[in-house]
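Asker: Quick one: structure below, then a few questions.
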Amino acid sequence: MSKLQPRDFHIEPLEPFGARIVGLDLRAPLSPESQQAFRDLLFEHGVLVFEGQNLAEADQRRLMGHIGRVAGGLNGFTMLDPEGNLGRTNICFHSDYAFTAKPITALSLFAVEVEDGQTCTRFASGTRGYEAMPVRLKAALEGRKALSVLPKDQGLVQIDEPIPADMPSIVREAIIDHPVTGQKVVYIHEMQCGEIVGLPAEESRALAHAVYDAIYRPTNVYTHAWKKGDLVVWDNVGVHHARPALDDAVARRSLRRIAVAEKDLAELCPEYAGPNGPLVKLSQGQVAAPA
């Protein structure tokens with residue numbers, strides 16, 4: 001149980017990690033004490049779930065503003081649905097905009113219209129994953145750098161695919177220090193990791209898959225089954241997220257996405273977020289989402 005117990009609400013732990021926050025109507029502004037507690041709890045638990053909410057976009061933006069700068073444009077707020085920008089295919093574990101110099105800090109999804117219990121989002125903790133990794137695997141990954149790339153297919157494990165040379169990418173440490181908590185975080189993702197730098201291709205793939213087996217094991221994954229009125233907020237650096245494929249029978253899954261980020265995508269990847277760029281087309285539902 002968290003040490004933080006504000007008077008305005010109470011906290012129920014989720015398994016294997018995360019927390020359900022009970023007793024708040026998020027249409028009302030939070031007290032100063034609860035604003036700080038909300039931010040602290042997010043980075044303590046990684047995933048926060050609020051049920052039975054009825055939020056306008058302005059309410060969701062106000063709440064996320066307690067974490068940091070609410071992003072604008074394409075990577076700030078988007079309606080996600082099966083017939084538009086995300087399609088129905090599976091989405092591998094990833095961290096939004098890990099292929100840029102400034103990944104998104106935190107993300108939120110609000111269930112505007114869903115069929116209760118029929119679809120889910122999966123969350124894996126990069127911090128718990130690091131702590132539980134075998135010593136030998138940690139040693140193999142420590143000091144290594146990895147190439148993170150914007151994939152061309154969100155449903156494929158990128159390490160098994162050719163690296164797309166024409167997509168945004170960045171090389172950074174495979175294990176990073178969390179910018180808020182200072183904890184070690186496994187920061188290679190199955191959707192976005194193109195290679196472990198400096199290793200032959202087969203060794204790179206083998207090491208990446210060993211890491212995925214460790215951090216995406218069931219005991220390190222919280223699965224959220226969506227109900228209308230759910231709001232889920234998560235730490236986009238410390239937590240990887242994914243989505244199974246949607247069954248054709250699922251007719252409704254509209255989620256409102258609002259992010260906290262230091263920079264907008266247009267600043268980070270101007271060639272991809274310009275007026276005719278592929279990520280702008282994504283926001284209009286013209287192409288499948290890359291990340």
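Residue names in the structure tokens use chain letters A, B, ... in the order shown, residue numbers from 1 in each chain, and ligand numbers from 1 in the order shown.
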Check the DSSP output for the backbone and give back, as a ChimeraX atom specification, the residues of segment 53-238 of chain A in strand (DSSP E or B).
Answerer: /A:70,77-80,91-94,106-114,120-125,145-149,169-173,175-177,184-186,193-196,221-225,231-235
Asker: Which residues of segment 111-206 of chain A come within 12 Å of segment 41-61 of chain A, and for each one, what is the closest pair of atoms and their distance in Å to one decimal, counting only C-alpha atoms, sorted by chain and residue number, as a Markdown table?
Answerer:
| residue | atom | partner | partner_atom | distance |
| --- | --- | --- | --- | --- |
| A:Ala111 | CA | A:Gln53 | CA | 9.0 |
| A:Val112 | CA | A:Asn54 | CA | 8.4 |
| A:Glu113 | CA | A:Asn54 | CA | 11.1 |
| A:Asp116 | CA | A:Gly52 | CA | 11.9 |
| A:Thr121 | CA | A:Val47 | CA | 11.5 |
| A:Arg122 | CA | A:Val47 | CA | 10.6 |
| A:Phe123 | CA | A:Val47 | CA | 8.0 |
| A:Ala124 | CA | A:Gly46 | CA | 9.3 |
| A:Ser125 | CA | A:Gly46 | CA | 7.2 |
| A:Gly126 | CA | A:Gly46 | CA | 9.4 |
| A:Thr127 | CA | A:Gly46 | CA | 9.1 |
| A:Arg128 | CA | A:Gly46 | CA | 10.0 |
| A:His178 | CA | A:Phe43 | CA | 9.6 |
| A:Pro179 | CA | A:Phe43 | CA | 10.2 |
| A:Val180 | CA | A:Phe43 | CA | 7.4 |
| A:Thr181 | CA | A:Phe43 | CA | 7.1 |
| A:Gly182 | CA | A:Phe43 | CA | 10.5 |
| A:Gln183 | CA | A:Phe43 | CA | 10.4 |
| A:Val185 | CA | A:Gly46 | CA | 11.8 |
Asker: Just N, CA and C atoms for this one: save the residues we selected as a compact mmCIF listing (two decimals), in the first residue's frame.
Answerer:
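Listed below is the output, out.txt:
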# COMPACT_ATOMS: atom_id res chain seq x y z
N ALA A 111 -12.00 6.16 -21.78
CA ALA A 111 -12.93 5.33 -22.55
C ALA A 111 -14.23 6.09 -22.79
N VAL A 112 -14.33 6.69 -23.97
CA VAL A 112 -15.53 7.44 -24.34
C VAL A 112 -16.65 6.50 -24.73
N GLU A 113 -16.31 5.50 -25.53
CA GLU A 113 -17.33 4.56 -26.00
C GLU A 113 -16.66 3.20 -26.20
N ASP A 116 -18.01 -2.91 -22.66
CA ASP A 116 -17.37 -3.22 -21.39
C ASP A 116 -16.74 -4.61 -21.37
N THR A 121 -5.89 -3.04 -22.76
CA THR A 121 -4.55 -2.53 -22.98
C THR A 121 -3.65 -3.19 -21.94
N ARG A 122 -2.44 -3.57 -22.35
CA ARG A 122 -1.52 -4.27 -21.46
C ARG A 122 -0.35 -3.36 -21.11
N PHE A 123 0.10 -3.43 -19.86
CA PHE A 123 1.17 -2.57 -19.36
C PHE A 123 2.24 -3.44 -18.72
N ALA A 124 3.51 -3.19 -19.07
CA ALA A 124 4.64 -3.91 -18.47
C ALA A 124 5.58 -2.89 -17.84
N SER A 125 6.00 -3.15 -16.62
CA SER A 125 6.86 -2.21 -15.90
C SER A 125 8.32 -2.42 -16.26
N GLY A 126 8.95 -1.36 -16.80
CA GLY A 126 10.37 -1.42 -17.10
C GLY A 126 11.24 -1.37 -15.86
N THR A 127 10.71 -0.81 -14.77
CA THR A 127 11.48 -0.75 -13.52
C THR A 127 11.42 -2.09 -12.79
N ARG A 128 10.21 -2.64 -12.61
CA ARG A 128 10.08 -3.95 -11.98
C ARG A 128 10.78 -5.01 -12.84
N HIS A 178 15.49 6.53 -14.69
CA HIS A 178 14.21 7.22 -14.83
C HIS A 178 14.39 8.70 -14.49
N PRO A 179 13.89 9.61 -15.33
CA PRO A 179 14.14 11.04 -15.11
C PRO A 179 13.48 11.62 -13.85
N VAL A 180 12.48 10.95 -13.30
CA VAL A 180 11.80 11.43 -12.10
C VAL A 180 12.26 10.66 -10.87
N THR A 181 12.24 9.34 -10.93
CA THR A 181 12.51 8.51 -9.75
C THR A 181 13.97 8.13 -9.60
N GLY A 182 14.73 8.17 -10.71
CA GLY A 182 16.11 7.72 -10.67
C GLY A 182 16.28 6.22 -10.73
N GLN A 183 15.18 5.46 -10.76
CA GLN A 183 15.26 4.00 -10.83
C GLN A 183 15.77 3.56 -12.20
N VAL A 185 15.55 1.57 -15.57
CA VAL A 185 14.43 1.18 -16.43
C VAL A 185 14.97 0.44 -17.65
Asker: Could you give me the residues within segment 147-249 of chain A that DSSP places in helix (DSSP H, G or I), as JSON, numbers by chain?
Answerer: {"A": [158, 159, 160, 201, 202, 203, 204, 205, 206, 207, 208, 209, 210, 211, 212, 213, 214, 215, 218, 219, 220]}
Asker: Output N, CA and C atoms for every residue in that selection, as a CSV table (one decimal), in the first residue's frame.
Answerer:
chain,number,residue,atom,x,y,z
A,158,GLN,N,10.3,-5.5,-34.0
A,158,GLN,CA,11.2,-4.9,-34.9
A,158,GLN,C,12.6,-5.5,-35.0
A,159,ILE,N,13.0,-6.1,-33.9
A,159,ILE,CA,14.4,-6.8,-33.9
A,159,ILE,C,14.4,-7.9,-34.9
A,160,ASP,N,13.3,-8.5,-35.3
A,160,ASP,CA,13.2,-9.5,-36.3
A,160,ASP,C,13.0,-9.1,-37.7
A,201,ALA,N,24.1,-9.5,-35.6
A,201,ALA,CA,22.7,-9.5,-35.7
A,201,ALA,C,22.0,-10.6,-34.9
A,202,GLU,N,22.6,-11.9,-35.0
A,202,GLU,CA,22.0,-13.0,-34.2
A,202,GLU,C,22.1,-12.8,-32.7
A,203,GLU,N,23.2,-12.3,-32.3
A,203,GLU,CA,23.4,-12.0,-30.8
A,203,GLU,C,22.5,-10.9,-30.4
A,204,SER,N,22.3,-9.9,-31.2
A,204,SER,CA,21.5,-8.8,-30.9
A,204,SER,C,20.0,-9.3,-30.7
A,205,ARG,N,19.6,-10.1,-31.7
A,205,ARG,CA,18.2,-10.6,-31.6
A,205,ARG,C,18.0,-11.5,-30.4
A,206,ALA,N,19.0,-12.4,-30.1
A,206,ALA,CA,18.9,-13.3,-29.0
A,206,ALA,C,18.8,-12.5,-27.7
A,207,LEU,N,19.6,-11.5,-27.5
A,207,LEU,CA,19.6,-10.7,-26.3
A,207,LEU,C,18.3,-10.0,-26.1
A,208,ALA,N,17.8,-9.3,-27.2
A,208,ALA,CA,16.6,-8.6,-27.1
A,208,ALA,C,15.4,-9.5,-26.7
A,209,HIS,N,15.4,-10.7,-27.3
A,209,HIS,CA,14.3,-11.6,-27.0
A,209,HIS,C,14.4,-12.1,-25.6
A,210,ALA,N,15.6,-12.3,-25.1
A,210,ALA,CA,15.7,-12.7,-23.7
A,210,ALA,C,15.2,-11.7,-22.8
A,211,VAL,N,15.5,-10.4,-23.1
A,211,VAL,CA,14.9,-9.3,-22.3
A,211,VAL,C,13.4,-9.2,-22.4
A,212,TYR,N,12.9,-9.4,-23.6
A,212,TYR,CA,11.4,-9.4,-23.7
A,212,TYR,C,10.8,-10.5,-22.9
A,213,ASP,N,11.4,-11.7,-23.0
A,213,ASP,CA,10.8,-12.8,-22.2
A,213,ASP,C,10.8,-12.5,-20.7
A,214,ALA,N,11.8,-11.7,-20.2
A,214,ALA,CA,11.8,-11.3,-18.8
A,214,ALA,C,10.8,-10.3,-18.4
A,215,ILE,N,10.8,-9.2,-19.2
A,215,ILE,CA,9.9,-8.0,-18.8
A,215,ILE,C,8.5,-8.2,-19.2
A,218,PRO,N,4.0,-12.8,-17.6
A,218,PRO,CA,2.7,-12.4,-17.0
A,218,PRO,C,2.8,-11.8,-15.6
A,219,THR,N,3.8,-12.2,-14.8
A,219,THR,CA,3.9,-11.6,-13.5
A,219,THR,C,4.4,-10.1,-13.5
A,220,ASN,N,4.7,-9.6,-14.7
A,220,ASN,CA,5.1,-8.2,-14.8
A,220,ASN,C,4.2,-7.4,-15.7
Asker: I'd like the interatomic distance between atom CA of Phe9 of chain A and atom CA of Asp25 of chain A, to a tenth of an Å.
Answerer: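 About the pair atom CA of Phe9 of chain A and atom CA of Asp25 of chain A: they are 9.7 Å apart.
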Asker: Would you list the contacts of segment 141-146 of chain A as a list in words, taking every protein, DNA or RNA residue within 8 Å and counting only C-alpha atoms, but skipping same-chain residues closer than 2 positions in sequence?
Answerer: Leu137, Lys138, Ala139, Ser148, Val171, Arg172, Glu173, Ala174, Ile175, Ile188, Cys193, Gly194, Glu195, Ile196, Val197 and Leu207 of chain A
Asker: Export, as a JSON list (two decimals), in the first residue's frame, the selected residues with N, CA and C atoms.
Answerer:
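As written to disk, selection01.json reads:
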[["chain", "number", "residue", "atom", "x", "y", "z"],
["A", 137, "LEU", "N", 21.52, -11.77, -17.22],
["A", 137, "LEU", "CA", 20.89, -10.97, -18.28],
["A", 137, "LEU", "C", 21.15, -9.49, -18.07],
["A", 138, "LYS", "N", 21.08, -9.04, -16.82],
["A", 138, "LYS", "CA", 21.43, -7.64, -16.52],
["A", 138, "LYS", "C", 22.85, -7.34, -16.97],
["A", 139, "ALA", "N", 23.75, -8.23, -16.66],
["A", 139, "ALA", "CA", 25.16, -8.02, -17.00],
["A", 139, "ALA", "C", 25.35, -7.94, -18.52],
["A", 148, "SER", "N", 16.56, 2.74, -31.33],
["A", 148, "SER", "CA", 15.10, 2.79, -31.28],
["A", 148, "SER", "C", 14.61, 3.50, -32.53],
["A", 171, "VAL", "N", 19.82, 6.45, -31.00],
["A", 171, "VAL", "CA", 20.57, 5.47, -30.22],
["A", 171, "VAL", "C", 20.67, 5.99, -28.79],
["A", 172, "ARG", "N", 20.27, 5.16, -27.83],
["A", 172, "ARG", "CA", 20.40, 5.52, -26.41],
["A", 172, "ARG", "C", 20.67, 4.26, -25.60],
["A", 173, "GLU", "N", 20.99, 4.45, -24.32],
["A", 173, "GLU", "CA", 21.28, 3.33, -23.45],
["A", 173, "GLU", "C", 20.10, 2.37, -23.38],
["A", 174, "ALA", "N", 20.40, 1.07, -23.34],
["A", 174, "ALA", "CA", 19.35, 0.06, -23.23],
["A", 174, "ALA", "C", 18.73, 0.06, -21.83],
["A", 175, "ILE", "N", 19.50, 0.46, -20.83],
["A", 175, "ILE", "CA", 19.00, 0.64, -19.47],
["A", 175, "ILE", "C", 19.23, 2.10, -19.09],
["A", 188, "ILE", "N", 14.33, -0.92, -23.86],
["A", 188, "ILE", "CA", 14.20, -1.44, -25.23],
["A", 188, "ILE", "C", 12.80, -2.03, -25.33],
["A", 193, "CYS", "N", 12.72, -1.44, -30.95],
["A", 193, "CYS", "CA", 14.16, -1.72, -30.88],
["A", 193, "CYS", "C", 14.62, -2.40, -32.17],
["A", 194, "GLY", "N", 15.49, -1.71, -32.91],
["A", 194, "GLY", "CA", 15.99, -2.27, -34.16],
["A", 194, "GLY", "C", 17.22, -3.13, -33.99],
["A", 195, "GLU", "N", 18.06, -2.81, -33.00],
["A", 195, "GLU", "CA", 19.25, -3.61, -32.75],
["A", 195, "GLU", "C", 19.88, -3.21, -31.42],
["A", 196, "ILE", "N", 20.62, -4.13, -30.84],
["A", 196, "ILE", "CA", 21.51, -3.83, -29.73],
["A", 196, "ILE", "C", 22.84, -3.47, -30.37],
["A", 197, "VAL", "N", 23.25, -2.23, -30.24],
["A", 197, "VAL", "CA", 24.40, -1.71, -30.98],
["A", 197, "VAL", "C", 25.68, -2.45, -30.57],
["A", 207, "LEU", "N", 19.64, -11.49, -27.51],
["A", 207, "LEU", "CA", 19.64, -10.72, -26.27],
["A", 207, "LEU", "C", 18.32, -9.97, -26.12]]
Asker: Can you list, as number ranges by chain, every protein, DNA or RNA residue that comes within 12 Å of Ser108 of chain A when you count only C-alpha atoms, leaving out same-chain residues fewer than 6 positions away?
Answerer: A: 42, 46-50, 57, 59-65, 67, 70-71, 75-80, 96, 121, 230-236, 241, 255-261
Asker: Write out, as a compact mmCIF listing (two decimals), in the first residue's frame, the residues just selected, with N, CA and C atoms.
Answerer:
# COMPACT_ATOMS: atom_id res chain seq x y z
N LEU A 42 1.57 8.56 -9.55
CA LEU A 42 1.81 8.08 -10.90
C LEU A 42 3.20 7.48 -11.02
N GLY A 46 3.28 3.67 -11.49
CA GLY A 46 3.44 3.44 -12.93
C GLY A 46 2.15 3.55 -13.72
N VAL A 47 1.06 3.00 -13.19
CA VAL A 47 -0.25 3.04 -13.84
C VAL A 47 -1.30 3.40 -12.80
N LEU A 48 -2.16 4.37 -13.12
CA LEU A 48 -3.27 4.74 -12.25
C LEU A 48 -4.58 4.54 -13.01
N VAL A 49 -5.57 3.95 -12.35
CA VAL A 49 -6.87 3.69 -12.95
C VAL A 49 -7.95 4.42 -12.16
N PHE A 50 -8.78 5.16 -12.89
CA PHE A 50 -9.94 5.86 -12.32
C PHE A 50 -11.17 5.32 -13.05
N GLU A 57 -13.01 16.70 -22.63
CA GLU A 57 -11.59 16.81 -22.96
C GLU A 57 -10.88 17.81 -22.05
N ASP A 59 -11.47 18.47 -18.96
CA ASP A 59 -11.22 17.85 -17.65
C ASP A 59 -9.96 16.98 -17.71
N GLN A 60 -9.85 16.21 -18.78
CA GLN A 60 -8.70 15.32 -18.92
C GLN A 60 -7.41 16.12 -19.09
N ARG A 61 -7.48 17.18 -19.86
CA ARG A 61 -6.30 18.02 -20.05
C ARG A 61 -5.89 18.70 -18.74
N ARG A 62 -6.87 19.15 -17.97
CA ARG A 62 -6.54 19.80 -16.69
C ARG A 62 -5.84 18.83 -15.76
N LEU A 63 -6.34 17.60 -15.69
CA LEU A 63 -5.73 16.60 -14.83
C LEU A 63 -4.29 16.32 -15.25
N MET A 64 -4.08 16.11 -16.54
CA MET A 64 -2.73 15.80 -17.02
C MET A 64 -1.78 16.99 -16.84
N GLY A 65 -2.33 18.18 -16.78
CA GLY A 65 -1.51 19.36 -16.54
C GLY A 65 -0.85 19.36 -15.17
N ILE A 67 0.81 16.95 -14.10
CA ILE A 67 2.05 16.19 -14.29
C ILE A 67 3.10 17.05 -14.99
N VAL A 70 1.03 19.81 -21.11
CA VAL A 70 0.13 19.03 -21.95
C VAL A 70 0.49 19.30 -23.41
N ALA A 71 0.77 18.23 -24.13
CA ALA A 71 1.21 18.37 -25.51
C ALA A 71 0.07 18.84 -26.40
N ASN A 75 0.53 14.71 -31.13
CA ASN A 75 0.85 13.82 -30.03
C ASN A 75 0.25 14.28 -28.72
N GLY A 76 -0.72 15.18 -28.76
CA GLY A 76 -1.35 15.65 -27.54
C GLY A 76 -2.70 15.02 -27.29
N PHE A 77 -3.66 15.21 -28.16
CA PHE A 77 -4.98 14.64 -27.92
C PHE A 77 -5.54 14.12 -29.24
N THR A 78 -6.00 12.89 -29.21
CA THR A 78 -6.48 12.21 -30.41
C THR A 78 -7.56 11.23 -30.00
N MET A 79 -8.59 11.14 -30.82
CA MET A 79 -9.56 10.08 -30.62
C MET A 79 -9.07 8.83 -31.34
N LEU A 80 -8.93 7.74 -30.60
CA LEU A 80 -8.45 6.49 -31.16
C LEU A 80 -9.62 5.53 -31.32
N ASP A 96 5.66 5.52 -26.26
CA ASP A 96 5.37 6.48 -27.31
C ASP A 96 6.53 7.45 -27.52
N THR A 121 -5.89 -3.04 -22.76
CA THR A 121 -4.55 -2.53 -22.98
C THR A 121 -3.65 -3.19 -21.94
N ASP A 230 -13.77 4.64 -17.90
CA ASP A 230 -12.45 4.40 -17.33
C ASP A 230 -11.47 5.46 -17.82
N LEU A 231 -10.63 5.93 -16.93
CA LEU A 231 -9.47 6.74 -17.29
C LEU A 231 -8.24 6.01 -16.77
N VAL A 232 -7.28 5.76 -17.66
CA VAL A 232 -6.02 5.16 -17.27
C VAL A 232 -4.90 6.13 -17.60
N VAL A 233 -4.05 6.40 -16.62
CA VAL A 233 -2.91 7.30 -16.77
C VAL A 233 -1.66 6.50 -16.47
N TRP A 234 -0.63 6.63 -17.31
CA TRP A 234 0.59 5.87 -17.04
C TRP A 234 1.85 6.66 -17.36
N ASP A 235 2.91 6.22 -16.71
CA ASP A 235 4.26 6.73 -16.88
C ASP A 235 4.82 6.15 -18.17
N ASN A 236 4.95 6.96 -19.21
CA ASN A 236 5.34 6.45 -20.52
C ASN A 236 6.82 6.07 -20.61
N HIS A 241 3.61 -0.27 -23.09
CA HIS A 241 2.21 -0.65 -23.25
C HIS A 241 1.98 -1.30 -24.61
N LEU A 255 -11.30 5.79 -27.61
CA LEU A 255 -10.53 6.23 -26.46
C LEU A 255 -9.94 7.60 -26.77
N ARG A 256 -10.06 8.52 -25.80
CA ARG A 256 -9.46 9.84 -25.97
C ARG A 256 -8.07 9.85 -25.34
N ARG A 257 -7.08 10.23 -26.12
CA ARG A 257 -5.68 10.17 -25.71
C ARG A 257 -5.14 11.59 -25.50
N ILE A 258 -4.60 11.84 -24.30
CA ILE A 258 -3.97 13.13 -24.00
C ILE A 258 -2.63 12.84 -23.34
N ALA A 259 -1.61 13.54 -23.81
CA ALA A 259 -0.24 13.26 -23.40
C ALA A 259 0.39 14.45 -22.71
N VAL A 260 1.40 14.17 -21.90
CA VAL A 260 2.27 15.18 -21.31
C VAL A 260 3.65 15.01 -21.94
N ALA A 261 4.19 16.08 -22.51
CA ALA A 261 5.47 15.99 -23.21
C ALA A 261 6.19 17.33 -23.14
Asker: If I take atom CA of Ala132 of chain A and atom CA of Gly198 of chain A, how far is one from the other in Å, to one decimal?
Answerer: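 Computing it gives 25.1 Å between the two atoms.
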